[in-house]
Amino acid sequence: MPKGKAHRSSNSDPDFLIGLGALYLAQNLLDPAEEALAKIPSEHNLYGAAAEMQIEIHSRKGNFQELVLLGEELVIRGNNSTWLAAKIGAAYYRLGQTSAAKSFCLESMRDIPDNSEVRGRLRSLRPLNHRPKIEALITGGPEFGISPHVALDCIAPIIWGGRPTSCCFGDQLLSNDSQADQRNFYLEFAAKLYQTFGIFTAFFPYVALNHNQCAPLIKLFFSLDPLVFDRVEDIKQSAWSDFEKQERGSKHRLEYLEKEGALLGYPQCCVKWAQSNRRSNKSIERLALTALIEEEYVCSLEGGEAVPPGLAYFAHEFYPCNPRCPAAEQAGIEIFEHYKKTEALLLDLYCQYVLPLNKAKMYYPESRYVDFVNNFNDSIIRVLKIEEFKKTHQDFDLYREEMSVILKEHPYFENLEALPLVYAMAKQ
């Protein structure tokens with residue numbers, strides 16, 4: 001009898017219940033997780049943590065009305081986390097309440113500095129008056145948030161030519177997760193990038209609308225032209241105007257994609273293709289993957305002399321309308337030509353790292369996107385140690401050999417055995 005009482009007591013202990021709920025949630029056992037967490041009384045100090053897990057359960061189960069009610073209760077209790085605001089905003093969107101969705105989505109991005117604030121801060125700074133070496137970008141970038149991936153895919157094309165403007169998502173930066181003042185991180189990042197490389201950084205907080213869902217996101221645009229601030233502000237206004245029109249029954253036109261594509265130098269045919277499919281709630285990521293698989297299969301049937309598609313994937317955030325799009329391939333060729341004239345080492349990096357990464361991301365599940373990028377950042381840091389970059393270009397053969405091993409070991413690079421052919425074509 002005493003043992004039974006002890007057992008019942010342990011099953012009602014909040015510490016036990018929240019651990020049990022977390023374990024069930026990790027296994028995606030939503031009903032038992034919800035049952036365990038619901039037993040934690042509202043006056044207990046673990047109630048807030050339990051409620052956040054219940055928010056996640058409601059989100060996965062599609063119980064958006066329950067999510068909103070519980071989420072707003074947590075807000076009243078003083079929970080002002082950006083994570084919670086994003087969850088409530090997404091739930092309101094699914095409930096068709098666009099104004100409330102916008103309000104909470106904006107709240108979830110409150111740490112993103114306004115572009116007028118960024119521009120004002122940069123006015124008092126002076127950039128270096130000489131063009132840096134690629135080694136400086138790779139070795140110095142991580143100190144203020146530039147990952148190897150962002151350095152090679154976004155920053156290098158701006159410094160050494162090929163692209164007037166590039167972009168990345170906020171989660172691609174090497175930000176400190178424990179840093180309380182995210183706004184200050186972004187401001188310091190923009191200031192350091194301008195001082196070191198003369199590059200302006202414009203911020204674009206928006207909501208991505210895919211498959212009848214919305215997700216608050218942030219994009220950073222990089223350019224040597226200060227007008228990038230005005231153009232990004234115009235894109236932002238178009239995007240939010242498009243979002244608000246949905247509450248009045250208008251189908252979203254996604255006109256901001258045209259402006260964004262023009263700023264980034266994307267081929268118009270690819271922008272129109274993306275815009276049309278986004279309007280129809282189709283996944284351009286999946287469409288692009290299907291087309292790539294078909295094209296690479298055809299190449300495999302043609303034998304070892306067939307060159308697989310590669311040049312069209314000149315930017316990580318870009319999806320070509322087809323793997324052999326002439327306009328997209330031309331953009332890739334222009335980057336090669338600029339690198340040939342300015343940075344031979346960068347040309348090798350582009351062929352051996354950037355192109356494979358941009359194409360391989362097509363094969364990666366959308367839900368694992370961040371993990372994919374982070375894994376490659378770790379790989380490139382491990383392979384390209386600081387001392388390797390301080391050596392001369394003649395020592396680059398060592399990098400090429402080591403990187404080839406990494407590519408072959410990575411499961412999503414099994415289809416890239418013809419990479420040397422792409423590399424040889426770029427060298428011609």
# chains A, B, ... in the order shown; residues from 1 in each chain; ligands from 1
$ residues_around --residues "Ala191 (chain A)" --least-positions-apart "6" --cutoff "8 Å" --atoms "only C-alpha atoms" --output "number ranges by chain"
A: 121-122, 125
$ write_last_selection --atoms "C-alpha atoms" --output "mmCIF file, in the first residue's frame"
data_model
loop_
_atom_site.group_PDB
_atom_site.id
_atom_site.type_symbol
_atom_site.label_atom_id
_atom_site.label_comp_id
_atom_site.auth_asym_id
_atom_site.auth_seq_id
_atom_site.Cartn_x
_atom_site.Cartn_y
_atom_site.Cartn_z
ATOM 1 C CA ARG A 121 24.984 54.123 -37.790
ATOM 2 C CA LEU A 122 27.101 53.531 -40.892
ATOM 3 C CA LEU A 125 32.052 54.906 -40.077
#
$ residues_around --residues "Ile335 (chain A)" --least-positions-apart "2" --cutoff "10 Å" --atoms "only C-alpha atoms" --output "PDB file with N, CA and C atoms, in the first residue's frame"
ATOM      1  N   PRO A 157      31.164  37.246 -53.868  1.00  0.00           N
ATOM      2  CA  PRO A 157      30.738  37.771 -55.174  1.00  0.00           C
ATOM      3  C   PRO A 157      30.557  39.289 -55.180  1.00  0.00           C
ATOM      4  N   TRP A 160      34.545  40.688 -55.120  1.00  0.00           N
ATOM      5  CA  TRP A 160      35.373  40.410 -56.281  1.00  0.00           C
ATOM      6  C   TRP A 160      34.593  40.397 -57.586  1.00  0.00           C
ATOM      7  N   GLY A 161      33.388  40.899 -57.570  1.00  0.00           N
ATOM      8  CA  GLY A 161      32.631  41.039 -58.810  1.00  0.00           C
ATOM      9  C   GLY A 161      31.780  39.821 -59.109  1.00  0.00           C
ATOM     10  N   GLY A 162      30.866  40.002 -60.041  1.00  0.00           N
ATOM     11  CA  GLY A 162      30.003  38.902 -60.438  1.00  0.00           C
ATOM     12  C   GLY A 162      28.553  39.137 -60.067  1.00  0.00           C
ATOM     13  N   ARG A 163      28.317  39.713 -58.889  1.00  0.00           N
ATOM     14  CA  ARG A 163      26.948  39.988 -58.455  1.00  0.00           C
ATOM     15  C   ARG A 163      26.905  41.345 -57.769  1.00  0.00           C
ATOM     16  N   LEU A 311      26.189  25.036 -63.384  1.00  0.00           N
ATOM     17  CA  LEU A 311      26.379  26.480 -63.453  1.00  0.00           C
ATOM     18  C   LEU A 311      25.122  27.263 -63.105  1.00  0.00           C
ATOM     19  N   PHE A 314      24.121  29.167 -59.160  1.00  0.00           N
ATOM     20  CA  PHE A 314      25.168  30.125 -58.826  1.00  0.00           C
ATOM     21  C   PHE A 314      24.980  30.785 -57.472  1.00  0.00           C
ATOM     22  N   GLN A 330      24.281  31.417 -67.585  1.00  0.00           N
ATOM     23  CA  GLN A 330      25.086  32.583 -67.960  1.00  0.00           C
ATOM     24  C   GLN A 330      25.496  33.368 -66.717  1.00  0.00           C
ATOM     25  N   ALA A 331      24.604  33.476 -65.747  1.00  0.00           N
ATOM     26  CA  ALA A 331      24.954  34.158 -64.500  1.00  0.00           C
ATOM     27  C   ALA A 331      26.093  33.439 -63.797  1.00  0.00           C
ATOM     28  N   GLY A 332      26.067  32.106 -63.805  1.00  0.00           N
ATOM     29  CA  GLY A 332      27.151  31.336 -63.219  1.00  0.00           C
ATOM     30  C   GLY A 332      28.457  31.517 -63.969  1.00  0.00           C
ATOM     31  N   ILE A 333      28.374  31.577 -65.285  1.00  0.00           N
ATOM     32  CA  ILE A 333      29.578  31.782 -66.102  1.00  0.00           C
ATOM     33  C   ILE A 333      30.191  33.149 -65.815  1.00  0.00           C
ATOM     34  N   GLU A 337      34.021  34.072 -64.693  1.00  0.00           N
ATOM     35  CA  GLU A 337      34.891  34.982 -65.427  1.00  0.00           C
ATOM     36  C   GLU A 337      35.472  36.055 -64.511  1.00  0.00           C
ATOM     37  N   HIS A 338      34.656  36.582 -63.610  1.00  0.00           N
ATOM     38  CA  HIS A 338      35.162  37.579 -62.665  1.00  0.00           C
ATOM     39  C   HIS A 338      36.226  36.984 -61.759  1.00  0.00           C
ATOM     40  N   TYR A 339      35.992  35.777 -61.262  1.00  0.00           N
ATOM     41  CA  TYR A 339      36.950  35.151 -60.357  1.00  0.00           C
ATOM     42  C   TYR A 339      38.252  34.796 -61.068  1.00  0.00           C
ATOM     43  N   LYS A 340      38.167  34.423 -62.330  1.00  0.00           N
ATOM     44  CA  LYS A 340      39.380  34.111 -63.088  1.00  0.00           C
ATOM     45  C   LYS A 340      40.303  35.319 -63.166  1.00  0.00           C
ATOM     46  N   LEU A 347      38.122  31.085 -57.269  1.00  0.00           N
ATOM     47  CA  LEU A 347      37.563  30.279 -58.344  1.00  0.00           C
ATOM     48  C   LEU A 347      37.565  28.809 -57.949  1.00  0.00           C
ATOM     49  N   TYR A 350      34.911  28.257 -55.366  1.00  0.00           N
ATOM     50  CA  TYR A 350      33.581  28.311 -55.959  1.00  0.00           C
ATOM     51  C   TYR A 350      33.225  26.980 -56.629  1.00  0.00           C
TER      52      TYR A 350
END
$ closest_atom_pairs --of "region 61-169 of chain A" --to "region 14-33 of chain A" --cutoff "12 Å" --atoms "only C-alpha atoms" --output "JSON lines"
{"residue": "A:Lys61", "atom": "CA", "partner": "A:Leu30", "partner_atom": "CA", "distance": 7.8}
{"residue": "A:Gly62", "atom": "CA", "partner": "A:Leu30", "partner_atom": "CA", "distance": 11.5}
{"residue": "A:Asn63", "atom": "CA", "partner": "A:Leu30", "partner_atom": "CA", "distance": 11.8}
$ write_last_selection --atoms "N, CA and C atoms" --output "CSV table (one decimal), in the first residue's frame"
chain,number,residue,atom,x,y,z
A,61,LYS,N,-0.5,19.5,-34.1
A,61,LYS,CA,-1.8,18.9,-34.3
A,61,LYS,C,-2.7,19.7,-35.1
A,62,GLY,N,-2.4,21.0,-35.3
A,62,GLY,CA,-3.3,21.9,-36.0
A,62,GLY,C,-4.4,22.4,-35.2
A,63,ASN,N,-4.2,22.4,-33.8
A,63,ASN,CA,-5.2,23.0,-32.9
A,63,ASN,C,-4.9,24.5,-32.7
$ select_by_dssp --residues "region 172-366 of chain A" --states "alpha helix (DSSP H)" --output "NGL selection string"
:A and (182-197 or 228-245 or 255-264 or 268-279 or 284-301 or 326-342 or 344-349 or 355-360)
$ select_by_dssp --residues "region 83-290 of chain A" --states "strand (DSSP E or B)" --output "list of chain:residue names"
A:Thr165, A:Ser166, A:Cys167, A:Cys168, A:Phe169, A:Phe200, A:Thr201, A:Ala202, A:Phe203, A:Phe204, A:Pro205, A:Tyr206, A:Val207, A:Ala208, A:Leu209, A:Asn210, A:Gln213, A:Cys214, A:Ala215, A:Pro216, A:Leu217, A:Ile218, A:Lys219, A:Leu220, A:Phe221, A:Phe222, A:Ser223
$ write_last_selection --atoms "N, CA and C atoms" --output "short mmCIF file (atom, residue, chain, number, x, y, z; two decimals), in the first residue's frame"
data_model
loop_
_atom_site.label_atom_id
_atom_site.label_comp_id
_atom_site.auth_asym_id
_atom_site.auth_seq_id
_atom_site.Cartn_x
_atom_site.Cartn_y
_atom_site.Cartn_z
N THR A 165 24.36 42.43 -55.90
CA THR A 165 23.65 42.27 -54.64
C THR A 165 23.47 40.79 -54.37
N SER A 166 23.57 40.40 -53.11
CA SER A 166 23.32 39.02 -52.71
C SER A 166 22.51 39.03 -51.42
N CYS A 167 22.10 37.85 -50.95
CA CYS A 167 21.31 37.79 -49.72
C CYS A 167 21.52 36.47 -49.02
N CYS A 168 21.15 36.45 -47.74
CA CYS A 168 21.13 35.21 -46.97
C CYS A 168 20.04 35.33 -45.92
N PHE A 169 19.69 34.23 -45.28
CA PHE A 169 18.75 34.25 -44.18
C PHE A 169 19.49 34.52 -42.87
N PHE A 200 27.28 47.32 -47.61
CA PHE A 200 26.08 47.75 -46.88
C PHE A 200 25.19 46.52 -46.64
N THR A 201 24.58 46.48 -45.46
CA THR A 201 23.67 45.38 -45.10
C THR A 201 22.28 45.95 -44.83
N ALA A 202 21.30 45.50 -45.61
CA ALA A 202 19.91 45.91 -45.42
C ALA A 202 19.10 44.73 -44.93
N PHE A 203 18.22 44.97 -43.97
CA PHE A 203 17.45 43.90 -43.34
C PHE A 203 16.02 43.88 -43.86
N PHE A 204 15.53 42.68 -44.09
CA PHE A 204 14.19 42.49 -44.64
C PHE A 204 13.42 41.47 -43.79
N PRO A 205 12.69 41.94 -42.76
CA PRO A 205 11.83 41.04 -42.00
C PRO A 205 10.51 40.83 -42.74
N TYR A 206 10.13 39.60 -42.92
CA TYR A 206 8.90 39.34 -43.68
C TYR A 206 8.32 37.99 -43.25
N VAL A 207 7.24 37.62 -43.88
CA VAL A 207 6.58 36.35 -43.59
C VAL A 207 6.52 35.54 -44.87
N ALA A 208 7.11 34.36 -44.82
CA ALA A 208 7.06 33.47 -45.98
C ALA A 208 5.73 32.73 -45.98
N LEU A 209 5.04 32.74 -47.12
CA LEU A 209 3.74 32.09 -47.26
C LEU A 209 3.90 30.88 -48.16
N ASN A 210 3.85 29.69 -47.56
CA ASN A 210 3.99 28.46 -48.33
C ASN A 210 2.98 27.43 -47.83
N GLN A 213 0.63 28.19 -45.01
CA GLN A 213 1.26 28.45 -43.72
C GLN A 213 2.11 29.71 -43.83
N CYS A 214 2.41 30.28 -42.67
CA CYS A 214 3.28 31.45 -42.68
C CYS A 214 4.38 31.26 -41.65
N ALA A 215 5.55 31.78 -41.95
CA ALA A 215 6.69 31.66 -41.05
C ALA A 215 7.46 32.97 -41.07
N PRO A 216 7.60 33.64 -39.91
CA PRO A 216 8.40 34.86 -39.86
C PRO A 216 9.86 34.56 -40.17
N LEU A 217 10.42 35.32 -41.08
CA LEU A 217 11.80 35.12 -41.50
C LEU A 217 12.50 36.46 -41.64
N ILE A 218 13.82 36.42 -41.68
CA ILE A 218 14.60 37.62 -41.94
C ILE A 218 15.62 37.32 -43.02
N LYS A 219 15.70 38.23 -43.98
CA LYS A 219 16.73 38.16 -45.00
C LYS A 219 17.66 39.35 -44.84
N LEU A 220 18.93 39.14 -45.15
CA LEU A 220 19.92 40.21 -45.16
C LEU A 220 20.40 40.37 -46.59
N PHE A 221 20.38 41.60 -47.09
CA PHE A 221 20.84 41.90 -48.44
C PHE A 221 22.18 42.62 -48.34
N PHE A 222 23.13 42.22 -49.19
CA PHE A 222 24.48 42.79 -49.18
C PHE A 222 24.78 43.47 -50.52
N SER A 223 25.36 44.67 -50.46
CA SER A 223 25.68 45.39 -51.69
C SER A 223 26.70 46.48 -51.39
#
$ atom_distance --atom1 "CA of Met53 (chain A)" --atom2 "CA of Arg183 (chain A)"
26.5 Å
$ atom_distance --atom1 "CA of Leu355 (chain A)" --atom2 "CA of Tyr313 (chain A)"
6.3 Å
$ atom_distance --atom1 "CA of Glu260 (chain A)" --atom2 "CA of Ser103 (chain A)"
23.4 Å
$ residues_around --residues "Ser238 (chain A)" --least-positions-apart "5" --cutoff "9 Å" --atoms "only C-alpha atoms" --output "count of residues only"
6
$ closest_residue --among "A:Ala101, A:Cys299, A:Ala38, A:Gln352" --to "Leu70 (chain A)" --atoms "only C-alpha atoms"
A:Ala38
$ closest_residue --among "A:Arg131, A:Ser12, A:Leu263, A:His58" --to "Pro41 (chain A)" --atoms "only C-alpha atoms"
A:Ser12
$ closest_residue --among "A:Glu72, A:Glu35, A:Val150, A:Gly140" --to "Gly170 (chain A)" --atoms "only C-alpha atoms"
A:Val150
$ residues_around --residues "Asn322 (chain A)" --least-positions-apart "3" --cutoff "8 Å" --atoms "only C-alpha atoms" --output "list in words"
Ala288, Ala291, Leu292 and Cys325 of chain A
$ closest_residue --among "A:Ala136, A:Leu69, A:Gly261, A:Pro142" --to "Gln275 (chain A)" --atoms "only C-alpha atoms"
A:Gly261
$ residues_around --residues "Arg324 (chain A)" --least-positions-apart "3" --cutoff "9 Å" --atoms "only C-alpha atoms" --output "PDB file with N, CA and C atoms, in the first residue's frame"
ATOM      1  N   GLU A 295      17.188  15.529 -64.845  1.00  0.00           N
ATOM      2  CA  GLU A 295      18.310  15.937 -65.688  1.00  0.00           C
ATOM      3  C   GLU A 295      19.558  15.112 -65.376  1.00  0.00           C
ATOM      4  N   PRO A 309      24.239  19.232 -64.773  1.00  0.00           N
ATOM      5  CA  PRO A 309      23.971  20.658 -64.534  1.00  0.00           C
ATOM      6  C   PRO A 309      24.709  21.152 -63.309  1.00  0.00           C
ATOM      7  N   GLY A 310      25.157  22.399 -63.365  1.00  0.00           N
ATOM      8  CA  GLY A 310      25.890  22.941 -62.232  1.00  0.00           C
ATOM      9  C   GLY A 310      25.942  24.451 -62.222  1.00  0.00           C
ATOM     10  N   LEU A 311      26.189  25.036 -63.384  1.00  0.00           N
ATOM     11  CA  LEU A 311      26.379  26.480 -63.453  1.00  0.00           C
ATOM     12  C   LEU A 311      25.122  27.263 -63.105  1.00  0.00           C
ATOM     13  N   ALA A 312      23.962  26.649 -63.291  1.00  0.00           N
ATOM     14  CA  ALA A 312      22.710  27.363 -63.007  1.00  0.00           C
ATOM     15  C   ALA A 312      22.499  27.589 -61.516  1.00  0.00           C
ATOM     16  N   PRO A 320      16.631  27.759 -60.062  1.00  0.00           N
ATOM     17  CA  PRO A 320      16.421  27.991 -61.501  1.00  0.00           C
ATOM     18  C   PRO A 320      15.122  27.368 -61.975  1.00  0.00           C
ATOM     19  N   CYS A 321      14.560  27.943 -63.030  1.00  0.00           N
ATOM     20  CA  CYS A 321      13.310  27.394 -63.567  1.00  0.00           C
ATOM     21  C   CYS A 321      13.525  26.015 -64.171  1.00  0.00           C
ATOM     22  N   ALA A 327      19.770  31.455 -69.040  1.00  0.00           N
ATOM     23  CA  ALA A 327      20.025  32.711 -68.335  1.00  0.00           C
ATOM     24  C   ALA A 327      20.698  32.452 -66.992  1.00  0.00           C
ATOM     25  N   ALA A 328      20.271  31.406 -66.284  1.00  0.00           N
ATOM     26  CA  ALA A 328      20.890  31.078 -65.004  1.00  0.00           C
ATOM     27  C   ALA A 328      22.319  30.587 -65.193  1.00  0.00           C
ATOM     28  N   GLU A 329      22.541  29.774 -66.212  1.00  0.00           N
ATOM     29  CA  GLU A 329      23.903  29.295 -66.478  1.00  0.00           C
ATOM     30  C   GLU A 329      24.818  30.449 -66.862  1.00  0.00           C
TER      31      GLU A 329
END
